[in-house]
$ cat coords_3.tsv   # TSV, C-alpha atoms
chain	number	residue	atom	x	y	z
A	250	MET	CA	54.60	164.71	244.57
A	251	ASP	CA	51.47	162.88	245.62
A	252	GLU	CA	50.06	160.81	248.46
A	253	ALA	CA	52.71	158.17	247.79
A	254	ASP	CA	55.30	160.76	248.85
A	255	GLU	CA	54.10	160.88	252.47
A	256	GLU	CA	56.72	158.33	253.50
A	257	GLY	CA	59.59	159.86	251.56
A	258	ALA	CA	59.09	163.54	252.34
A	259	PRO	CA	59.61	163.41	256.15
A	260	GLU	CA	62.96	161.63	255.64
A	261	LEU	CA	64.49	164.76	254.16
A	262	ALA	CA	67.00	165.29	256.99
A	263	GLN	CA	68.15	161.64	257.11
A	264	ALA	CA	68.30	161.00	253.35
A	265	PRO	CA	69.11	164.17	251.42
A	266	PRO	CA	69.23	164.09	247.63
A	267	GLU	CA	72.52	163.49	245.87
A	268	ARG	CA	75.14	166.22	246.20
A	269	GLU	CA	74.89	167.45	242.62
A	270	GLU	CA	71.10	167.89	242.97
A	271	LYS	CA	71.38	169.65	246.32
A	272	GLU	CA	74.10	172.08	245.29
A	273	ARG	CA	73.00	172.83	241.74
A	274	GLU	CA	71.76	176.36	241.24
A	275	VAL	CA	68.14	176.40	240.10
A	276	ALA	CA	67.64	179.01	237.42
A	277	PRO	CA	64.53	181.21	237.54
A	278	LEU	CA	61.97	180.95	234.78
A	279	ARG	CA	62.84	182.92	231.67
A	280	VAL	CA	59.60	184.84	231.90
A	281	SER	CA	60.52	187.94	229.92
A	282	LEU	CA	62.48	185.98	227.30
A	283	TYR	CA	59.59	183.68	226.39
A	284	ALA	CA	56.66	185.94	227.23
A	285	ARG	CA	56.01	187.04	223.64
A	286	ALA	CA	56.28	183.52	222.26
A	287	ALA	CA	53.91	182.25	224.97
A	288	GLU	CA	51.47	185.06	224.21
A	289	ARG	CA	51.42	184.19	220.50
A	290	ASP	CA	50.87	180.52	221.29
A	291	LEU	CA	48.05	181.26	223.72
A	292	ALA	CA	46.44	183.70	221.28
A	293	ARG	CA	46.32	180.98	218.62
A	294	HIS	CA	44.61	178.47	220.89
A	295	PHE	CA	42.32	180.61	223.07
A	296	HIS	CA	39.72	183.23	222.34
A	297	ALA	CA	41.08	185.18	225.31
A	298	VAL	CA	43.09	184.78	228.51
A	299	ARG	CA	41.30	186.56	231.34
A	300	LEU	CA	42.08	187.30	235.00
A	301	SER	CA	39.26	188.02	237.42
A	302	LYS	CA	39.03	191.59	238.70
A	303	SER	CA	37.27	190.48	241.88
A	304	GLN	CA	40.31	189.28	243.82
A	305	ARG	CA	43.88	190.43	243.36
A	306	PRO	CA	47.02	189.68	245.40
A	307	ASP	CA	47.63	191.98	248.36
A	308	SER	CA	51.00	193.57	247.64
A	309	VAL	CA	51.39	194.61	251.28
A	310	ALA	CA	50.79	191.08	252.68
A	311	ALA	CA	53.58	189.56	250.57
A	312	ARG	CA	56.02	192.49	250.55
A	313	GLY	CA	59.54	191.31	251.32
A	314	LYS	CA	58.41	187.68	251.65
A	315	PRO	CA	58.73	184.70	249.33
A	316	LEU	CA	55.53	183.63	247.61
A	317	ILE	CA	54.15	180.14	247.02
A	318	LEU	CA	51.50	180.11	244.30
A	319	TYR	CA	49.61	176.83	244.07
A	320	PHE	CA	46.97	176.05	241.48
A	321	ASN	CA	44.69	173.36	240.11
A	322	HIS	CA	45.52	171.48	236.91
A	323	PRO	CA	42.74	171.67	234.29
A	324	SER	CA	44.83	171.66	231.10
A	325	TRP	CA	48.21	171.22	229.42
A	326	TRP	CA	48.33	175.01	229.03
A	327	ASP	CA	48.61	175.78	232.76
A	328	PRO	CA	52.38	176.53	232.73
A	329	LEU	CA	52.09	179.02	229.86
A	330	ILE	CA	49.08	180.69	231.49
A	331	GLY	CA	51.16	180.91	234.67
A	332	LEU	CA	54.03	182.51	232.75
A	333	LEU	CA	51.68	185.14	231.40
A	334	ILE	CA	50.24	185.93	234.84
A	335	ALA	CA	53.73	186.03	236.35
A	336	GLN	CA	54.84	188.60	233.79
A	337	HIS	CA	51.69	190.68	234.25
A	338	ILE	CA	51.18	190.61	238.03
A	339	PHE	CA	54.62	189.91	239.54
A	340	PRO	CA	57.21	191.39	237.15
A	341	GLU	CA	59.61	192.20	240.00
A	342	ARG	CA	59.90	188.63	241.31
A	343	ARG	CA	62.12	185.70	240.35
A	344	HIS	CA	59.85	182.82	239.32
A	345	TYR	CA	60.43	179.08	239.72
A	346	ALA	CA	58.30	176.01	239.00
A	347	PRO	CA	58.73	172.21	239.01
A	348	ILE	CA	57.90	169.96	236.07
A	349	ASP	CA	57.37	166.20	236.14
A	350	VAL	CA	60.32	164.46	234.44
A	351	GLY	CA	58.03	161.50	233.80
A	352	ALA	CA	56.62	163.38	230.79
A	353	PRO	CA	59.83	163.67	228.69
A	354	SER	CA	58.49	165.58	225.69
A	355	ARG	CA	56.79	168.20	227.83
A	356	HIS	CA	59.76	168.23	230.21
A	357	ARG	CA	62.21	169.17	227.44
A	358	PHE	CA	59.96	171.96	226.23
A	359	PHE	CA	59.32	173.48	229.65
A	360	GLU	CA	62.90	173.00	230.87
A	361	ARG	CA	63.96	175.42	228.14
A	362	LEU	CA	61.71	177.97	229.83
A	363	GLY	CA	63.50	177.43	233.15
A	364	PHE	CA	61.30	174.82	234.88
A	365	PHE	CA	63.21	172.36	237.11
A	366	GLY	CA	62.53	168.63	236.88
A	367	VAL	CA	61.37	166.34	239.69
A	368	GLU	CA	60.31	162.70	239.73
A	369	ALA	CA	56.66	162.83	240.71
A	370	GLY	CA	55.32	160.01	242.88
A	371	THR	CA	58.69	158.90	244.32
A	372	PRO	CA	60.39	159.53	247.70
A	373	ARG	CA	63.49	160.72	245.82
A	374	GLY	CA	61.41	163.23	243.86
A	375	ALA	CA	59.66	164.39	247.04
A	376	ARG	CA	62.95	165.03	248.82
A	377	ARG	CA	64.40	166.81	245.80
A	378	PHE	CA	61.35	169.05	245.49
A	379	LEU	CA	61.39	170.00	249.18
A	380	THR	CA	65.15	170.65	249.19
A	381	LEU	CA	65.08	172.84	246.10
A	382	ALA	CA	61.86	174.59	247.15
A	383	GLN	CA	63.28	175.56	250.54
A	384	THR	CA	66.45	176.86	248.89
A	385	ILE	CA	64.39	178.90	246.44
A	386	LEU	CA	62.13	180.30	249.16
A	387	ALA	CA	65.12	181.60	251.10
A	388	ARG	CA	65.02	184.50	248.62
A	389	PRO	CA	62.50	187.17	249.65
A	390	ASP	CA	61.78	188.00	245.99
A	391	ALA	CA	61.10	184.38	244.97
A	392	ALA	CA	57.79	183.11	243.64
A	393	LEU	CA	57.41	179.33	243.51
A	394	TRP	CA	54.57	178.06	241.29
A	395	VAL	CA	53.29	174.63	242.36
A	396	PRO	CA	50.78	172.55	240.33
A	397	ALA	CA	49.19	171.13	243.45
A	398	GLU	CA	46.90	168.46	241.97
A	399	ALA	CA	48.31	165.04	241.14
A	400	ARG	CA	46.63	164.82	237.72
A	401	LEU	CA	44.68	166.71	235.13
A	402	SER	CA	41.23	167.25	236.61
A	403	ASP	CA	38.00	169.09	235.97
A	404	PRO	CA	37.86	172.32	238.04
A	405	ARG	CA	34.35	171.37	239.26
A	406	GLU	CA	35.49	168.12	240.94
A	407	ARG	CA	34.79	168.10	244.67
A	408	PRO	CA	36.32	167.75	247.12
A	409	VAL	CA	39.55	169.32	245.92
A	410	GLN	CA	42.43	166.96	246.65
A	411	LEU	CA	46.01	168.23	246.61
A	412	ARG	CA	49.30	166.40	246.52
A	413	SER	CA	50.82	166.07	249.97
A	414	GLY	CA	53.97	167.97	248.93
A	415	ILE	CA	52.33	171.39	249.27
A	416	GLY	CA	51.45	170.64	252.90
A	417	HIS	CA	54.95	169.36	253.68
A	418	LEU	CA	56.43	172.49	252.15
A	419	ALA	CA	54.14	174.82	254.11
A	420	SER	CA	55.07	173.03	257.35
A	421	ARG	CA	58.79	173.54	256.69
A	422	VAL	CA	59.06	177.20	255.66
A	423	ARG	CA	58.52	180.38	257.66
A	424	GLN	CA	57.67	183.94	256.68
A	425	ALA	CA	56.31	182.90	253.31
A	426	VAL	CA	52.89	183.69	251.88
A	427	VAL	CA	50.81	181.02	250.13
A	428	LEU	CA	48.46	182.19	247.38
A	429	PRO	CA	45.83	180.00	245.67
A	430	LEU	CA	45.14	180.42	241.96
A	431	ALA	CA	42.08	178.88	240.27
A	432	LEU	CA	42.20	178.05	236.56
A	433	GLU	CA	39.42	177.06	234.19
A	434	VAL	CA	39.20	176.54	230.42
A	435	PRO	CA	35.52	176.85	229.40
A	436	PHE	CA	33.89	177.45	226.04
A	437	TRP	CA	31.69	180.54	225.88
A	438	ASP	CA	30.32	181.86	222.57
A	439	GLU	CA	33.35	181.41	220.32
A	440	PRO	CA	34.99	178.45	218.55
A	441	LEU	CA	38.01	178.70	220.82
A	442	PRO	CA	37.89	178.32	224.62
A	443	GLU	CA	38.49	181.00	227.23
A	444	ALA	CA	41.36	180.68	229.69
A	445	LEU	CA	40.08	182.04	233.01
A	446	ALA	CA	42.03	182.64	236.22
A	447	ARG	CA	41.23	184.00	239.66
A	448	PHE	CA	43.38	184.52	242.73
A	449	GLY	CA	42.23	183.56	246.21
A	450	GLU	CA	43.12	185.11	249.54
A	451	GLU	CA	46.67	184.99	250.85
A	452	VAL	CA	47.57	182.52	253.58
A	453	PRO	CA	50.53	183.78	255.67
A	454	ILE	CA	52.55	180.88	257.06
A	455	GLY	CA	54.32	182.74	259.87
A	456	ASP	CA	54.75	180.63	263.01
A	457	ALA	CA	51.58	178.56	262.62
A	458	ASP	CA	52.14	175.27	264.43
A	459	LEU	CA	50.52	172.99	261.85
A	460	GLY	CA	51.63	169.63	260.53
A	461	ALA	CA	51.80	168.73	256.85
A	462	SER	CA	48.37	167.09	256.73
A	463	ASP	CA	46.77	170.07	258.50
A	464	TRP	CA	48.35	172.47	256.04
A	465	THR	CA	47.16	170.36	253.12
A	466	ALA	CA	43.58	170.51	254.42
A	467	VAL	CA	43.77	174.30	254.90
A	468	LEU	CA	45.11	174.85	251.40
A	469	GLU	CA	42.56	172.49	249.86
A	470	ASN	CA	39.76	174.54	251.42
A	471	GLN	CA	41.28	177.80	250.20
A	472	LEU	CA	41.66	176.56	246.63
A	473	GLU	CA	38.17	175.04	246.61
A	474	SER	CA	36.66	178.38	247.66
A	475	THR	CA	38.61	180.13	244.91
A	476	LEU	CA	37.49	177.57	242.33
A	477	ASP	CA	33.85	178.01	243.40
A	478	ALA	CA	34.14	181.77	242.96
A	479	LEU	CA	35.71	181.38	239.51
A	480	ALA	CA	33.03	178.87	238.50
A	481	ALA	CA	30.32	181.41	239.30
A	482	GLU	CA	32.06	184.02	237.15
A	483	SER	CA	32.55	181.52	234.35
A	484	LEU	CA	28.86	180.55	234.35
A	485	ALA	CA	27.90	184.24	234.08
A	486	ARG	CA	29.86	184.50	230.79
A	487	ASP	CA	30.47	188.19	231.50
A	488	SER	CA	33.85	189.29	230.18
A	489	SER	CA	33.54	192.64	231.98
A	490	ARG	CA	34.27	190.80	235.24
A	491	PHE	CA	37.74	189.99	233.95
A	492	GLU	CA	40.84	191.81	232.84
A	493	THR	CA	41.79	190.54	229.40
A	494	LEU	CA	45.49	189.65	229.34
A	495	ILE	CA	45.41	188.30	225.78
A	496	ASP	CA	42.71	188.84	223.19
A	497	GLY	CA	42.99	186.05	220.67
A	498	GLY	CA	39.71	186.96	218.98
A	499	VAL	CA	41.44	188.69	216.08
A	500	ALA	CA	43.66	185.66	215.47
A	501	ALA	CA	40.62	183.40	215.52
A	502	ALA	CA	38.62	185.54	213.10
A	503	GLY	CA	39.98	183.92	209.95
A	504	GLY	CA	39.33	180.52	208.40
A	505	VAL	CA	36.06	178.66	208.88
A	506	SER	CA	35.12	180.63	211.99
A	507	GLY	CA	35.49	183.91	210.11
A	508	ILE	CA	33.32	182.65	207.27
A	509	TRP	CA	30.67	181.52	209.77
A	510	ARG	CA	30.66	184.94	211.47
A	511	ARG	CA	30.17	186.71	208.17
A	512	PHE	CA	27.39	184.29	207.19
A	513	LYS	CA	25.58	184.88	210.51
A	514	ALA	CA	25.98	188.63	210.09
A	515	ARG	CA	24.25	188.48	206.68
A	516	LEU	CA	21.39	186.40	208.09
A	517	THR	CA	20.77	188.89	210.89
A	518	ARG	CA	21.26	192.05	208.79
A	519	PRO	CA	18.03	194.07	208.52
A	520	SER	CA	16.53	193.99	205.01

$ encode --input "coords_3.tsv" --output "structure tokens"
Amino acid sequence: MDEADEEGAPELAQAPPEREEKEREVAPLRVSLYARAAERDLARHFHAVRLSKSQRPDSVAARGKPLILYFNHPSWWDPLIGLLIAQHIFPERRHYAPIDVGAPSRHRFFERLGFFGVEAGTPRGARRFLTLAQTILARPDAALWVPAEARLSDPRERPVQLRSGIGHLASRVRQAVVLPLALEVPFWDEPLPEALARFGEEVPIGDADLGASDWTAVLENQLESTLDALAAESLARDSSRFETLIDGGVAAAGGVSGIWRRFKARLTRPS
């Protein structure tokens, strides 16, 4: 959903999605089934996947409550990185995530992992997302992962601008916890990039009397703060600040990069 959805989303009660869409059971992501395959794929394309040690989810704040994880969109790899984090940090939860059906090749791939399709940028897609999301979040063990930016964007872009759907969702649910997740894909000192992630602080929804636009502004500020904190850690290039979820360095050690490492080692070897 995006800013074009503002008109469609509030009409949820008057114009619900078609019956088959409303009643269809949404399957959770097949996290455990595809975790190993995702790890192998990430290891081939990244030097490492790292999660910041500085901020971790508060297990007490979200205990017994559904969780909405929303994140920025720096790369095509975001869903697989999310799968890895879901397996590592929230193994006890049932995970769900939308995917834009406007990208058919990617949609087919991610649908096999359990993602559910929505038509981004249309009132119909907005209503479908909100209907399914509210059904999912009725489960206290649910975790809904929402790519909250309308397009691929650099994580340093300011101000952070989110699709309106996340604000509409926050204004409609109660007793859920919203959790920002910042993602970045920088190059450090290796041929392959790093995949970096950092959680922000939880935002309990509770009985806050906020409209959709107010919630969107609150969540934009929270994600922007989290992105700023991750940017500082990324600029430091200090892997000790992160927990390494996948170390792809061994996989990347062959080929041309391996030859270059050995050549550099010979040049710097004391005579």

$ residues_near_point --input "coords_3.tsv" --point "(48.0, 180.9, 231.9)" --cutoff "12 Å" --atoms "all atoms listed in the file" --output "mmCIF file with C-alpha atoms, keeping the file's coordinate frame"
data_model
loop_
_atom_site.group_PDB
_atom_site.id
_atom_site.type_symbol
_atom_site.label_atom_id
_atom_site.label_comp_id
_atom_site.auth_asym_id
_atom_site.auth_seq_id
_atom_site.Cartn_x
_atom_site.Cartn_y
_atom_site.Cartn_z
ATOM 1 C CA ALA A 284 56.660 185.940 227.230
ATOM 2 C CA ALA A 287 53.910 182.250 224.970
ATOM 3 C CA GLU A 288 51.470 185.060 224.210
ATOM 4 C CA ASP A 290 50.870 180.520 221.290
ATOM 5 C CA LEU A 291 48.050 181.260 223.720
ATOM 6 C CA ALA A 292 46.440 183.700 221.280
ATOM 7 C CA HIS A 294 44.610 178.470 220.890
ATOM 8 C CA PHE A 295 42.320 180.610 223.070
ATOM 9 C CA ALA A 297 41.080 185.180 225.310
ATOM 10 C CA VAL A 298 43.090 184.780 228.510
ATOM 11 C CA ARG A 299 41.300 186.560 231.340
ATOM 12 C CA LEU A 300 42.080 187.300 235.000
ATOM 13 C CA PHE A 320 46.970 176.050 241.480
ATOM 14 C CA ASN A 321 44.690 173.360 240.110
ATOM 15 C CA HIS A 322 45.520 171.480 236.910
ATOM 16 C CA PRO A 323 42.740 171.670 234.290
ATOM 17 C CA SER A 324 44.830 171.660 231.100
ATOM 18 C CA TRP A 325 48.210 171.220 229.420
ATOM 19 C CA TRP A 326 48.330 175.010 229.030
ATOM 20 C CA ASP A 327 48.610 175.780 232.760
ATOM 21 C CA PRO A 328 52.380 176.530 232.730
ATOM 22 C CA LEU A 329 52.090 179.020 229.860
ATOM 23 C CA ILE A 330 49.080 180.690 231.490
ATOM 24 C CA GLY A 331 51.160 180.910 234.670
ATOM 25 C CA LEU A 332 54.030 182.510 232.750
ATOM 26 C CA LEU A 333 51.680 185.140 231.400
ATOM 27 C CA ILE A 334 50.240 185.930 234.840
ATOM 28 C CA ALA A 335 53.730 186.030 236.350
ATOM 29 C CA GLN A 336 54.840 188.600 233.790
ATOM 30 C CA HIS A 337 51.690 190.680 234.250
ATOM 31 C CA ILE A 338 51.180 190.610 238.030
ATOM 32 C CA TRP A 394 54.570 178.060 241.290
ATOM 33 C CA LEU A 430 45.140 180.420 241.960
ATOM 34 C CA ALA A 431 42.080 178.880 240.270
ATOM 35 C CA LEU A 432 42.200 178.050 236.560
ATOM 36 C CA GLU A 433 39.420 177.060 234.190
ATOM 37 C CA VAL A 434 39.200 176.540 230.420
ATOM 38 C CA GLU A 443 38.490 181.000 227.230
ATOM 39 C CA ALA A 444 41.360 180.680 229.690
ATOM 40 C CA LEU A 445 40.080 182.040 233.010
ATOM 41 C CA ALA A 446 42.030 182.640 236.220
ATOM 42 C CA ARG A 447 41.230 184.000 239.660
ATOM 43 C CA THR A 493 41.790 190.540 229.400
ATOM 44 C CA LEU A 494 45.490 189.650 229.340
ATOM 45 C CA ILE A 495 45.410 188.300 225.780
#

$ residues_near_point --input "coords_3.tsv" --point "(32.3, 186.8, 234.6)" --cutoff "10 Å" --atoms "only C-alpha atoms" --output "list in words"
Arg299, Leu300, Ser301, Lys302, Ser303, Leu445, Ala478, Leu479, Ala480, Ala481, Glu482, Ser483, Leu484, Ala485, Arg486, Asp487, Ser488, Ser489, Arg490 and Phe491 of chain A

$ residues_around --input "coords_3.tsv" --residues "range 449-466 of chain A" --least-positions-apart "2" --cutoff "6 Å" --atoms "all atoms listed in the file" --output "MDAnalysis selection string"
chainID A and resid 416:417 420 423:429 468:469 475

$ atom_distance --input "coords_3.tsv" --atom1 "CA of Leu476 in chain A" --atom2 "CA of Arg377 in chain A"
29.2 Å

$ closest_residue --input "coords_3.tsv" --among "A:Ser281, A:Arg421, A:Arg400, A:Leu393" --to "Tyr319 in chain A" --atoms "all atoms listed in the file"
A:Leu393

$ atom_distance --input "coords_3.tsv" --atom1 "CA of Arg407 in chain A" --atom2 "CA of Pro440 in chain A"
28.1 Å

$ decode --input "coords_3.tsv" --residues "range 324-425 of chain A" --atoms "C-alpha atoms" --output "CSV table (one decimal), in the first residue's frame"
chain,number,residue,atom,x,y,z
A,324,SER,CA,17.4,-4.4,-1.3
A,325,TRP,CA,15.8,-7.4,-3.0
A,326,TRP,CA,17.2,-9.6,-0.2
A,327,ASP,CA,15.0,-8.1,2.6
A,328,PRO,CA,12.5,-11.0,2.7
A,329,LEU,CA,15.3,-13.6,3.1
A,330,ILE,CA,17.1,-11.5,5.7
A,331,GLY,CA,13.8,-11.3,7.5
A,332,LEU,CA,13.3,-15.0,7.4
A,333,LEU,CA,16.7,-15.5,8.9
A,334,ILE,CA,16.0,-13.0,11.7
A,335,ALA,CA,12.6,-14.6,12.3
A,336,GLN,CA,14.1,-18.0,12.8
A,337,HIS,CA,16.9,-16.7,15.1
A,338,ILE,CA,15.0,-14.2,17.3
A,339,PHE,CA,11.3,-15.3,17.2
A,340,PRO,CA,11.3,-19.1,16.7
A,341,GLU,CA,8.2,-19.5,18.8
A,342,ARG,CA,6.0,-17.2,16.7
A,343,ARG,CA,3.9,-17.8,13.6
A,344,HIS,CA,5.2,-15.4,10.9
A,345,TYR,CA,3.3,-13.7,8.1
A,346,ALA,CA,4.3,-11.2,5.4
A,347,PRO,CA,2.7,-9.6,2.3
A,348,ILE,CA,4.3,-9.5,-1.1
A,349,ASP,CA,3.4,-7.3,-4.1
A,350,VAL,CA,1.6,-9.3,-6.8
A,351,GLY,CA,2.7,-6.7,-9.3
A,352,ALA,CA,6.1,-8.4,-9.4
A,353,PRO,CA,5.1,-11.8,-10.7
A,354,SER,CA,8.5,-13.5,-10.8
A,355,ARG,CA,9.4,-12.5,-7.3
A,356,HIS,CA,5.8,-13.2,-6.2
A,357,ARG,CA,5.9,-16.8,-7.3
A,358,PHE,CA,9.2,-17.4,-5.5
A,359,PHE,CA,8.2,-15.8,-2.2
A,360,GLU,CA,4.7,-17.3,-2.3
A,361,ARG,CA,6.3,-20.7,-2.1
A,362,LEU,CA,7.8,-19.5,1.2
A,363,GLY,CA,4.4,-18.6,2.5
A,364,PHE,CA,4.1,-14.9,1.7
A,365,PHE,CA,0.6,-13.7,0.8
A,366,GLY,CA,0.0,-11.5,-2.2
A,367,VAL,CA,-1.6,-8.0,-2.3
A,368,GLU,CA,-2.1,-5.5,-5.1
A,369,ALA,CA,0.1,-2.6,-4.0
A,370,GLY,CA,-1.1,0.9,-4.8
A,371,THR,CA,-4.8,0.0,-5.2
A,372,PRO,CA,-7.8,0.5,-2.9
A,373,ARG,CA,-8.6,-3.3,-3.4
A,374,GLY,CA,-5.1,-4.2,-2.3
A,375,ALA,CA,-5.3,-1.8,0.7
A,376,ARG,CA,-8.6,-3.4,1.9
A,377,ARG,CA,-7.3,-6.9,1.4
A,378,PHE,CA,-4.1,-6.1,3.3
A,379,LEU,CA,-6.0,-4.6,6.2
A,380,THR,CA,-8.5,-7.4,6.4
A,381,LEU,CA,-5.9,-10.2,6.3
A,382,ALA,CA,-3.6,-8.3,8.7
A,383,GLN,CA,-6.3,-7.8,11.3
A,384,THR,CA,-7.2,-11.5,11.0
A,385,ILE,CA,-3.6,-12.5,11.4
A,386,LEU,CA,-3.0,-10.2,14.4
A,387,ALA,CA,-6.0,-11.8,16.3
A,388,ARG,CA,-3.5,-14.5,17.2
A,389,PRO,CA,-1.3,-13.6,20.2
A,390,ASP,CA,1.6,-15.5,18.8
A,391,ALA,CA,1.5,-13.9,15.3
A,392,ALA,CA,4.3,-11.8,13.9
A,393,LEU,CA,3.4,-9.7,10.8
A,394,TRP,CA,6.4,-8.4,8.8
A,395,VAL,CA,5.6,-5.3,6.8
A,396,PRO,CA,7.9,-3.7,4.2
A,397,ALA,CA,6.8,-0.2,5.1
A,398,GLU,CA,8.5,1.8,2.3
A,399,ALA,CA,6.8,2.1,-1.1
A,400,ARG,CA,9.9,1.4,-3.1
A,401,LEU,CA,13.5,0.4,-2.9
A,402,SER,CA,15.4,3.2,-1.3
A,403,ASP,CA,18.8,4.1,0.2
A,404,PRO,CA,18.7,3.7,4.0
A,405,ARG,CA,20.3,7.2,4.3
A,406,GLU,CA,17.4,9.0,2.6
A,407,ARG,CA,15.7,11.6,4.9
A,408,PRO,CA,13.0,12.1,5.8
A,409,VAL,CA,11.9,8.5,6.1
A,410,GLN,CA,8.5,8.1,4.3
A,411,LEU,CA,6.3,5.1,4.9
A,412,ARG,CA,3.3,3.8,3.1
A,413,SER,CA,0.1,4.8,4.7
A,414,GLY,CA,-1.0,1.2,5.2
A,415,ILE,CA,1.2,0.8,8.4
A,416,GLY,CA,-0.6,3.8,10.0
A,417,HIS,CA,-4.0,2.5,9.0
A,418,LEU,CA,-3.2,-0.9,10.5
A,419,ALA,CA,-1.9,0.6,13.8
A,420,SER,CA,-5.1,2.7,14.1
A,421,ARG,CA,-7.2,-0.4,13.8
A,422,VAL,CA,-5.6,-3.0,16.1
A,423,ARG,CA,-5.3,-3.1,19.8
A,424,GLN,CA,-2.9,-4.8,22.2
A,425,ALA,CA,-0.3,-5.3,19.5
